[in-house]
$ cat start05.tsv   # TSV, C-alpha atoms
chain	number	residue	atom	x	y	z
A	16	MET	CA	34.66	203.01	-122.44
A	17	PRO	CA	37.98	201.48	-121.33
A	18	ARG	CA	38.32	200.26	-117.75
A	19	GLY	CA	38.51	203.07	-115.23
A	20	PHE	CA	36.65	205.56	-117.44
A	21	GLU	CA	33.10	204.21	-117.33
A	22	ARG	CA	31.84	207.60	-116.12
A	23	TYR	CA	33.47	209.45	-119.04
A	24	THR	CA	30.87	208.55	-121.67
A	25	ASP	CA	31.19	210.58	-124.88
A	26	MET	CA	34.33	212.31	-123.60
A	27	ALA	CA	37.60	212.25	-125.57
A	28	VAL	CA	39.85	211.17	-122.70
A	29	LYS	CA	43.55	211.71	-123.37
A	30	LEU	CA	46.17	209.09	-122.57
A	31	PRO	CA	48.32	210.87	-119.93
A	32	VAL	CA	46.41	210.39	-116.67
A	33	SER	CA	48.29	211.26	-113.48
A	34	SER	CA	47.48	210.11	-109.96
A	35	ALA	CA	48.42	210.62	-106.30
A	36	PHE	CA	47.41	209.22	-102.93
A	37	GLY	CA	45.95	211.46	-100.25
A	38	PRO	CA	46.65	211.19	-96.50
A	39	ASP	CA	43.63	208.88	-96.11
A	40	ARG	CA	44.99	206.57	-98.85
A	41	ARG	CA	42.34	207.76	-101.28
A	42	LEU	CA	43.62	207.57	-104.86
A	43	TRP	CA	43.15	210.81	-106.79
A	44	ARG	CA	43.38	211.15	-110.58
A	45	ILE	CA	43.60	214.07	-112.97
A	46	VAL	CA	42.04	213.11	-116.29
A	47	PRO	CA	42.46	215.34	-119.36
A	48	THR	CA	40.11	215.44	-122.32
A	49	THR	CA	40.48	217.52	-125.46
A	50	ASP	CA	38.98	220.62	-123.85
A	51	GLN	CA	38.50	220.00	-120.13
A	52	ILE	CA	40.34	218.73	-117.06
A	53	TYR	CA	38.56	216.40	-114.65
A	54	VAL	CA	39.40	215.05	-111.21
A	55	ASP	CA	38.02	211.87	-109.65
A	56	PHE	CA	39.01	209.51	-106.83
A	57	SER	CA	38.90	205.89	-105.77
A	58	THR	CA	38.52	204.45	-102.27
A	59	ASP	CA	39.14	200.86	-103.40
A	60	TYR	CA	42.55	201.16	-105.07
A	61	GLY	CA	41.32	201.83	-108.57
A	62	LYS	CA	38.53	199.27	-108.85
A	63	THR	CA	35.88	202.02	-109.07
A	64	PHE	CA	35.99	205.80	-109.32
A	65	SER	CA	33.77	208.68	-108.26
A	66	SER	CA	31.91	210.88	-110.70
A	67	PRO	CA	34.37	213.22	-112.42
A	68	VAL	CA	34.44	216.89	-111.41
A	69	ALA	CA	35.37	219.47	-114.04
A	70	VAL	CA	38.20	221.83	-113.07
A	71	ASN	CA	37.94	224.40	-115.88
A	72	PRO	CA	34.39	225.75	-116.39
A	73	GLU	CA	35.26	227.20	-119.79
A	74	ARG	CA	36.35	224.72	-122.43
A	75	VAL	CA	39.82	225.39	-123.84
A	76	PRO	CA	42.26	223.26	-125.86
A	77	ILE	CA	44.09	221.04	-123.35
A	78	ARG	CA	47.70	220.43	-124.38
A	79	THR	CA	48.70	217.46	-122.27
A	80	GLN	CA	51.09	214.82	-123.58
A	81	SER	CA	52.85	212.01	-121.72
A	82	GLU	CA	55.97	214.19	-121.39
A	83	TYR	CA	53.83	217.28	-120.68
A	84	ARG	CA	51.78	215.64	-117.95
A	85	PRO	CA	48.85	217.03	-115.99
A	86	GLN	CA	49.81	217.32	-112.34
A	87	ILE	CA	47.97	216.43	-109.13
A	88	ALA	CA	49.10	216.70	-105.51
A	89	VAL	CA	47.33	216.32	-102.15
A	90	ASP	CA	48.52	218.04	-98.98
A	91	PRO	CA	48.36	216.62	-95.43
A	92	ALA	CA	45.02	218.41	-94.86
A	93	GLY	CA	43.46	216.74	-97.91
A	94	ARG	CA	43.49	219.75	-100.22
A	95	VAL	CA	43.80	218.74	-103.86
A	96	TYR	CA	45.97	220.78	-106.24
A	97	VAL	CA	46.08	220.39	-110.01
A	98	ALA	CA	48.13	221.98	-112.78
A	99	TYR	CA	47.79	221.46	-116.52
A	100	PRO	CA	48.89	222.98	-119.85
A	101	ALA	CA	46.33	224.62	-122.11
A	102	PHE	CA	46.07	227.02	-125.02
A	103	GLY	CA	45.28	230.16	-123.04
A	104	LEU	CA	46.96	233.51	-122.56
A	105	GLN	CA	49.82	232.05	-124.62
A	106	PRO	CA	49.94	228.95	-126.83
A	107	TRP	CA	51.42	227.16	-123.81
A	108	THR	CA	49.99	228.32	-120.48
A	109	THR	CA	50.11	226.31	-117.26
A	110	TYR	CA	47.02	226.74	-115.08
A	111	LEU	CA	46.65	225.92	-111.38
A	112	SER	CA	43.52	225.13	-109.38
A	113	VAL	CA	42.81	223.87	-105.85
A	114	SER	CA	39.95	222.12	-104.07
A	115	GLU	CA	39.51	222.66	-100.35
A	116	ASP	CA	36.42	220.42	-100.01
A	117	GLN	CA	37.63	216.94	-100.94
A	118	GLY	CA	37.38	217.51	-104.68
A	119	ARG	CA	33.74	218.64	-104.81
A	120	ARG	CA	34.63	222.02	-106.30
A	121	PHE	CA	37.79	223.60	-107.67
A	122	SER	CA	38.87	227.21	-107.64
A	123	PRO	CA	38.85	229.11	-110.95
A	124	PRO	CA	42.06	228.10	-112.77
A	125	GLU	CA	44.75	230.77	-112.68
A	126	PRO	CA	48.10	230.95	-114.51
A	127	LEU	CA	51.02	229.55	-112.54
A	128	SER	CA	53.58	231.90	-114.08
A	129	SER	CA	53.61	235.59	-113.16
A	130	THR	CA	54.35	236.42	-116.83
A	131	ALA	CA	51.80	234.09	-118.42
A	132	ARG	CA	50.34	236.93	-120.49
A	133	THR	CA	53.58	237.44	-122.37
A	134	ALA	CA	55.53	234.17	-122.24
A	135	ASN	CA	54.93	230.45	-122.58
A	136	SER	CA	55.01	228.32	-119.42
A	137	PHE	CA	54.79	224.54	-119.67
A	138	GLN	CA	55.92	221.14	-118.38
A	139	ALA	CA	55.08	222.02	-114.81
A	140	VAL	CA	55.69	219.70	-111.88
A	141	LEU	CA	53.82	219.93	-108.57
A	142	ALA	CA	55.71	218.34	-105.68
A	143	MET	CA	54.63	218.12	-102.03
A	144	SER	CA	57.52	218.22	-99.57
A	145	PRO	CA	57.67	216.10	-96.38
A	146	LYS	CA	56.88	219.32	-94.51
A	147	GLY	CA	53.66	219.80	-96.47
A	148	GLU	CA	54.98	222.64	-98.67
A	149	LEU	CA	53.75	222.63	-102.26
A	150	HIS	CA	56.54	223.38	-104.74
A	151	ALA	CA	56.01	224.13	-108.42
A	152	PHE	CA	58.65	223.95	-111.17
A	153	TRP	CA	58.18	224.67	-114.87
A	154	HIS	CA	59.80	225.60	-118.18
A	155	ASP	CA	59.52	229.32	-118.84
A	156	GLU	CA	60.20	231.52	-121.89
A	157	ARG	CA	59.97	234.97	-120.29
A	158	GLU	CA	63.65	235.58	-121.13
A	159	GLY	CA	63.25	234.33	-124.69
A	160	ALA	CA	62.93	231.04	-126.55
A	161	ASP	CA	65.92	229.51	-128.31
A	162	GLU	CA	66.10	225.79	-129.14
A	163	ALA	CA	69.89	225.91	-129.33
A	164	ARG	CA	70.19	227.57	-125.90
A	165	GLY	CA	67.23	225.81	-124.33
A	166	ASN	CA	64.73	227.02	-121.75
A	167	ASP	CA	64.85	228.41	-118.25
A	168	ILE	CA	63.43	226.60	-115.22
A	169	PHE	CA	61.39	228.62	-112.72
A	170	HIS	CA	60.28	227.72	-109.21
A	171	THR	CA	57.82	228.91	-106.60
A	172	VAL	CA	56.16	227.73	-103.38
A	173	LEU	CA	52.37	227.88	-103.07
A	174	ASP	CA	50.07	228.37	-100.10
A	175	ALA	CA	46.97	226.38	-99.15
A	176	GLN	CA	44.84	228.32	-101.64
A	177	GLY	CA	47.33	227.78	-104.46
A	178	LYS	CA	48.62	231.36	-104.28
A	179	THR	CA	52.30	232.14	-104.73
A	180	VAL	CA	54.05	232.76	-101.42
A	181	ARG	CA	57.45	233.18	-103.04
A	182	SER	CA	58.02	235.17	-106.20
A	183	ASN	CA	58.76	233.25	-109.38
A	184	GLN	CA	62.46	232.45	-109.24
A	185	LYS	CA	64.68	231.42	-112.12
A	186	ILE	CA	66.80	228.49	-110.94
A	187	ALA	CA	68.43	227.29	-114.18
A	188	ASP	CA	68.94	228.02	-117.85
A	189	ASP	CA	70.31	226.04	-120.80
A	190	VAL	CA	67.78	223.28	-120.18
A	191	CYS	CA	66.47	220.96	-122.89
A	192	SER	CA	63.06	222.34	-123.80
A	193	CYS	CA	60.95	219.17	-124.16
A	194	CYS	CA	62.16	216.81	-121.44
A	195	ARG	CA	60.10	216.46	-118.27
A	196	LEU	CA	61.52	217.43	-114.88
A	197	ALA	CA	62.09	214.99	-112.00
A	198	VAL	CA	61.73	216.25	-108.41
A	199	ALA	CA	62.38	214.58	-105.04
A	200	PHE	CA	63.01	215.82	-101.49
A	201	GLU	CA	65.84	215.30	-99.08
A	202	ASN	CA	64.97	214.33	-95.50
A	203	ASP	CA	65.23	217.97	-94.38
A	204	GLY	CA	62.60	218.98	-96.94
A	205	ARG	CA	64.96	220.57	-99.47
A	206	PRO	CA	63.96	219.86	-103.07
A	207	ALA	CA	66.28	218.25	-105.60
A	208	LEU	CA	65.56	218.43	-109.32
A	209	VAL	CA	67.09	216.52	-112.22
A	210	THR	CA	66.66	217.65	-115.79
A	211	ARG	CA	68.38	217.39	-119.15
A	212	PHE	CA	70.82	220.26	-119.75
A	213	ILE	CA	72.40	221.45	-122.98
A	214	TYR	CA	76.14	221.31	-122.40
A	215	THR	CA	78.99	222.54	-124.60
A	216	GLY	CA	78.93	221.00	-128.06
A	217	ASN	CA	75.14	220.46	-127.93
A	218	VAL	CA	75.59	217.50	-125.59
A	219	ARG	CA	72.30	216.75	-123.80
A	220	ASP	CA	73.04	215.00	-120.52
A	221	HIS	CA	71.51	215.41	-117.06
A	222	GLY	CA	72.20	217.82	-114.25
A	223	LEU	CA	71.07	218.01	-110.62
A	224	LEU	CA	69.74	221.29	-109.20
A	225	LYS	CA	69.59	221.97	-105.47
A	226	PRO	CA	69.01	225.13	-103.43
A	227	LYS	CA	71.73	226.74	-101.39
A	228	ASP	CA	71.26	229.25	-98.58
A	229	GLN	CA	67.52	228.66	-98.16
A	230	GLU	CA	66.89	228.63	-101.92
A	231	ALA	CA	68.39	232.08	-102.54
A	232	LYS	CA	70.61	230.37	-105.08
A	233	TRP	CA	70.41	227.01	-106.82
A	234	LEU	CA	73.52	225.05	-107.75
A	235	ALA	CA	73.78	222.68	-110.71
A	236	THR	CA	75.90	219.52	-110.82
A	237	ARG	CA	76.27	217.28	-113.83
A	238	VAL	CA	75.13	213.75	-112.92
A	239	THR	CA	75.27	211.81	-116.21
A	240	ASP	CA	78.11	211.72	-118.71
A	241	ASP	CA	76.77	209.90	-121.77
A	242	ALA	CA	78.00	212.32	-124.45
A	243	TRP	CA	74.66	212.45	-126.25
A	244	GLU	CA	75.25	215.06	-128.93
A	245	ILE	CA	72.00	215.88	-130.71
A	246	GLU	CA	70.57	219.04	-132.26
A	247	ALA	CA	67.05	218.33	-131.03
A	248	CYS	CA	65.21	217.69	-127.80
A	249	PRO	CA	64.97	213.93	-127.04
A	250	VAL	CA	61.54	214.39	-125.35
A	251	HIS	CA	62.65	211.86	-122.74
A	252	GLY	CA	62.98	213.10	-119.17
A	253	PRO	CA	64.62	211.40	-116.15
A	254	ALA	CA	63.29	209.99	-112.86
A	255	LEU	CA	64.52	210.65	-109.31
A	256	SER	CA	63.69	209.36	-105.84
A	257	ILE	CA	65.46	209.84	-102.50
A	258	GLY	CA	65.15	207.08	-99.92
A	259	PRO	CA	64.75	207.54	-96.16
A	260	ASP	CA	68.46	206.70	-95.84
A	261	GLY	CA	69.32	209.70	-98.04
A	262	ARG	CA	70.43	207.60	-101.02
A	263	TYR	CA	69.59	209.20	-104.38
A	264	HIS	CA	68.10	206.87	-107.03
A	265	LEU	CA	68.30	208.11	-110.63
A	266	ALA	CA	66.96	206.57	-113.85
A	267	TRP	CA	67.35	208.04	-117.33
A	268	PHE	CA	67.39	207.45	-121.08
A	269	THR	CA	70.25	208.24	-123.43
A	270	GLN	CA	71.53	207.61	-126.91
A	271	GLY	CA	75.00	208.94	-126.21
A	272	SER	CA	78.29	207.79	-127.66
A	273	LYS	CA	79.26	206.25	-124.29
A	274	ARG	CA	76.06	204.27	-123.69
A	275	GLN	CA	72.59	203.83	-125.16
A	276	GLY	CA	69.34	202.81	-123.51
A	277	VAL	CA	67.77	203.20	-120.06
A	278	PHE	CA	70.03	203.25	-117.00
A	279	TYR	CA	69.92	203.39	-113.21
A	280	ALA	CA	72.50	204.63	-110.68
A	281	TYR	CA	72.53	205.68	-107.04
A	282	SER	CA	74.40	208.28	-104.99
A	283	ASP	CA	75.35	208.22	-101.30
A	284	ASP	CA	76.80	211.74	-101.23
A	285	GLN	CA	73.71	213.79	-102.15
A	286	GLY	CA	74.34	213.64	-105.88
A	287	ARG	CA	78.00	214.59	-106.01
A	288	SER	CA	78.91	211.18	-107.45
A	289	PHE	CA	76.94	208.17	-108.66
A	290	SER	CA	77.44	204.43	-108.92
A	291	LYS	CA	78.28	202.72	-112.21
A	292	PRO	CA	75.20	202.93	-114.49
A	293	MET	CA	73.14	199.73	-114.62
A	294	ALA	CA	71.36	199.05	-117.91
A	295	LEU	CA	67.62	198.33	-117.78
A	296	GLY	CA	65.52	196.31	-120.18
A	297	VAL	CA	66.10	194.54	-123.46
A	298	ARG	CA	67.69	196.96	-125.89
A	299	ASP	CA	65.90	195.51	-128.95
A	300	ARG	CA	62.59	196.20	-127.23
A	301	LEU	CA	63.18	199.94	-127.05
A	302	PRO	CA	63.12	200.47	-123.26
A	303	GLY	CA	62.19	204.01	-122.29
A	304	HIS	CA	60.49	206.48	-119.97
A	305	PRO	CA	61.67	205.12	-116.60
A	306	ALA	CA	60.20	205.73	-113.16
A	307	VAL	CA	61.80	205.06	-109.78
A	308	LEU	CA	60.48	205.06	-106.21
A	309	ALA	CA	62.37	204.36	-102.97
A	310	THR	CA	60.66	203.56	-99.65
A	311	SER	CA	62.72	202.27	-96.69
A	312	ASP	CA	65.21	199.74	-98.14
A	313	ARG	CA	62.93	198.96	-101.06
A	314	VAL	CA	63.43	200.50	-104.49
A	315	VAL	CA	61.22	199.87	-107.52
A	316	LEU	CA	62.04	200.72	-111.12
A	317	ALA	CA	59.53	200.75	-113.98
A	318	TRP	CA	59.84	201.45	-117.69
A	319	ASN	CA	58.09	200.73	-120.98
A	320	GLU	CA	59.16	198.18	-123.58
A	321	PHE	CA	57.76	197.24	-127.00
A	322	ASP	CA	58.32	193.75	-128.41
A	323	GLY	CA	56.98	194.54	-131.88
A	324	ARG	CA	53.41	193.73	-130.93
A	325	LYS	CA	52.76	194.64	-127.31
A	326	ASN	CA	53.65	197.52	-125.05
A	327	GLN	CA	54.76	196.27	-121.65
A	328	ALA	CA	55.23	198.02	-118.32
A	329	MET	CA	58.35	196.37	-116.90
A	330	VAL	CA	59.23	196.31	-113.19
A	331	LYS	CA	62.45	195.53	-111.34
A	332	GLN	CA	62.97	195.87	-107.59
A	333	SER	CA	65.58	195.89	-104.86
A	334	ARG	CA	65.23	195.04	-101.16
A	335	ASP	CA	68.60	196.52	-100.14
A	336	SER	CA	68.43	200.16	-101.32
A	337	GLY	CA	69.54	199.42	-104.88
A	338	THR	CA	72.58	197.24	-104.22
A	339	THR	CA	71.10	194.04	-105.68
A	340	TRP	CA	68.11	193.61	-107.96
A	341	SER	CA	65.46	191.11	-108.97
A	342	ALA	CA	64.95	190.05	-112.56
A	343	ALA	CA	62.70	192.33	-114.60
A	344	THR	CA	59.09	191.22	-115.03
A	345	ALA	CA	56.16	192.53	-117.06
A	346	ALA	CA	53.61	194.02	-114.65
A	347	ALA	CA	51.13	194.93	-117.40
A	348	GLU	CA	50.82	194.86	-121.19
A	349	SER	CA	48.74	196.41	-123.93
A	350	ASP	CA	48.14	195.84	-127.63
A	351	SER	CA	47.59	199.57	-128.12
A	352	GLU	CA	49.27	202.87	-127.33
A	353	ALA	CA	50.22	203.16	-123.66
A	354	ASP	CA	51.14	205.99	-121.32
A	355	PHE	CA	54.42	206.18	-119.41
A	356	PRO	CA	54.57	204.11	-116.21
A	357	LEU	CA	54.20	205.97	-112.92
A	358	LEU	CA	55.08	204.72	-109.43
A	359	LEU	CA	53.34	205.87	-106.26
A	360	THR	CA	52.85	204.81	-102.66
A	361	ASP	CA	50.05	205.06	-100.13
A	362	GLY	CA	52.61	204.90	-97.35
A	363	GLN	CA	52.35	201.13	-97.05
A	364	ALA	CA	52.69	199.60	-100.51
A	365	ILE	CA	54.10	200.59	-103.91
A	366	PHE	CA	51.85	200.72	-106.96
A	367	LEU	CA	52.28	201.00	-110.71
A	368	SER	CA	49.89	203.48	-112.34
A	369	TRP	CA	49.50	202.77	-116.08
A	370	ASN	CA	46.99	203.77	-118.72
A	371	SER	CA	46.47	202.32	-122.21
A	372	LEU	CA	43.93	202.88	-124.95
A	373	ASP	CA	42.65	199.30	-125.04
A	374	LYS	CA	42.67	198.21	-121.39
A	375	GLY	CA	42.20	201.55	-119.70
A	376	TYR	CA	43.56	202.65	-116.35
A	377	ARG	CA	45.24	200.15	-114.05
A	378	LEU	CA	46.64	200.50	-110.55
A	379	ILE	CA	48.83	197.47	-109.88
A	380	ARG	CA	50.32	196.65	-106.51
A	381	ILE	CA	54.00	195.70	-106.77
A	382	ASP	CA	54.77	192.94	-104.25

$ encode --input "start05.tsv" --output "C-alpha cells"
Amino acid sequence: MPRGFERYTDMAVKLPVSSAFGPDRRLWRIVPTTDQIYVDFSTDYGKTFSSPVAVNPERVPIRTQSEYRPQIAVDPAGRVYVAYPAFGLQPWTTYLSVSEDQGRRFSPPEPLSSTARTANSFQAVLAMSPKGELHAFWHDEREGADEARGNDIFHTVLDAQGKTVRSNQKIADDVCSCCRLAVAFENDGRPALVTRFIYTGNVRDHGLLKPKDQEAKWLATRVTDDAWEIEACPVHGPALSIGPDGRYHLAWFTQGSKRQGVFYAYSDDQGRSFSKPMALGVRDRLPGHPAVLATSDRVVLAWNEFDGRKNQAMVKQSRDSGTTWSAATAAAESDSEADFPLLLTDGQAIFLSWNSLDKGYRLIRID
C-alpha cells in the first residue's frame, strides 16, 4: 500500500483524501474507498495513522472526486464531523455523520439536505466558524436542474449532534454546477463564500456571497472579471482565506478572454474590490486547483503543475499579508495521478496536505 495507507490492505482507496486538525493538534483524515468512508487520525503529523473506523455500516457507491471532496471538520470540543457524496436516496446524495467519542464510533449517516429523497445534493462543504458553529453549504437541485441556468446553493448550521438547527436556506442561484465552493470566516464569525457564477452571455466568473441581517438574506458581489465564456462547467473551483487583519485572499483558475491561468488577488474592503490579479505558476505546465491560507501576516499559496512527466505541488508564500511574495518552489512531486493540494494549520504552523497514487499521503510543513 502507498505511504499513509498501510492499514487499508485490500481496500480500493480513492485519491481525494481530506484532512483537518483538531484542538489538540491531532490530524484527522477522511478516506473514501469505492463503497465505504473511513476516518483515522495521526498524533505525529502524518508519520503514522490509527486504525481506520468505518463511517457507513452499509456499503454504498461512494461518489467522491477531487472537486467533489469528502469533508471533515473538528469542533472545539473534539467532535468529528464528516460529509460525503454517495449513490443513495438520489444518484447524488450528501450524507452527514458525527463522532462524539474521539472517532471511535460515528452516528448513522443521515442526508444533509431536507429534500434528499427527491433532489440531488452534492459538493458539500463543512466549515467551522471561529465561534465553533458548524456551517454546511452544498449544491442543490430541489428547484430543478438546468446546466444552462446552473444550480442553487443551500446553507444550514448544525448542532453538536450534526442536526440542523436552521432550516435549509437557499442563498444563491445561477451557480456553475461542477465547481467546488470556497468558504472562509470574517473575524466576527460571519461566513463568506466564493463560487463560480453563470453571468449574462454564459460567462463563468466568480462571485462572493455574504449574509446580511443575521443571514436572513445573502448578497452576491462579482469578484473576478475574466470574461470566460464557455457552455460547460470548468470543474475548477476557487480558494478563499481571510487573515486576522481582515484581508481577503482569493485564488482562482480561468481561461477567459482577459486572462488565462491561475491567479491571486487580495481585498482590504471585505471583497468589494480586489488588487490587480497576480499570475501563478508556469503557464506551459498547466497550473491549476489553487489553495490559499492566511495566518497572521503570513499567506501561503499552493497549486498543481505538470511538466509533462511529473505532477508537482507548488508553493509560494508571503510574510507581509500578500504584498510581496517568495519565488515558487516544488513542495512535493509525483510520477502518477495526484490529488489537489490542500493547506491547513494546527494553529502554529502551515502544512501542505497532498495525496498521490505512487507516493501516498504526505503532510508537509511549509517553513

$ closest_residue --input "start05.tsv" --among "A:Asp188, A:Glu201, A:Glu158, A:Glu82" --to "A:Pro249" --atoms "only C-alpha atoms"
A:Glu82

$ residues_around --input "start05.tsv" --residues "A:Trp267" --least-positions-apart "3" --cutoff "7 Å" --atoms "all atoms listed in the file" --output "PyMOL selection string"
chain A and resi 252-254+277-279+305

$ closest_atom_pairs --input "start05.tsv" --of "stretch 299-372 of chain A" --to "stretch 51-69 of chain A" --cutoff "10 Å" --atoms "all atoms listed in the file" --output "Markdown table"
| residue | atom | partner | partner_atom | distance |
| --- | --- | --- | --- | --- |
| A:Asp361 | CA | A:Tyr60 | CA | 9.8 |
| A:Phe366 | CA | A:Tyr60 | CA | 9.5 |
| A:Ser368 | CA | A:Gly61 | CA | 9.5 |

$ residues_around --input "start05.tsv" --residues "A:Ala345" --least-positions-apart "3" --cutoff "10 Å" --atoms "all atoms listed in the file" --output "list in words"
Ala317, Trp318, Asn319, Glu320, Asn326, Gln327, Ala328, Met329, Val330, Lys331 and Glu348 of chain A

$ closest_residue --input "start05.tsv" --among "A:Pro106, A:Pro38, A:Pro206, A:Pro72" --to "A:Arg94" --atoms "all atoms listed in the file"
A:Pro38

$ axis_aligned_box --input "start05.tsv" --around "stretch 80-96 of chain A" --padding-each-side "3 Å" --output "lines of an AutoDock Vina configuration file"
center_x = 49.7
center_y = 216.4
center_z = -109.2
size_x = 18.5
size_y = 14.8
size_z = 34.7

$ residues_around --input "start05.tsv" --residues "stretch 334-344 of chain A" --least-positions-apart "3" --cutoff "10 Å" --atoms "only C-alpha atoms" --output "VMD selection string"
chain A and resid 258 to 260 262 to 264 279 to 281 290 295 to 297 309 to 317 327 to 331 347

$ residues_around --input "start05.tsv" --residues "stretch 198-200 of chain A" --least-positions-apart "4" --cutoff "12 Å" --atoms "all atoms listed in the file" --output "PyMOL selection string"
chain A and resi 139-153+170+204-210+223-226+252-259+261-265+285+306-309

$ closest_residue --input "start05.tsv" --among "A:Ala364, A:Leu111, A:Ala131, A:Ile186" --to "A:Val95" --atoms "all atoms listed in the file"
A:Leu111
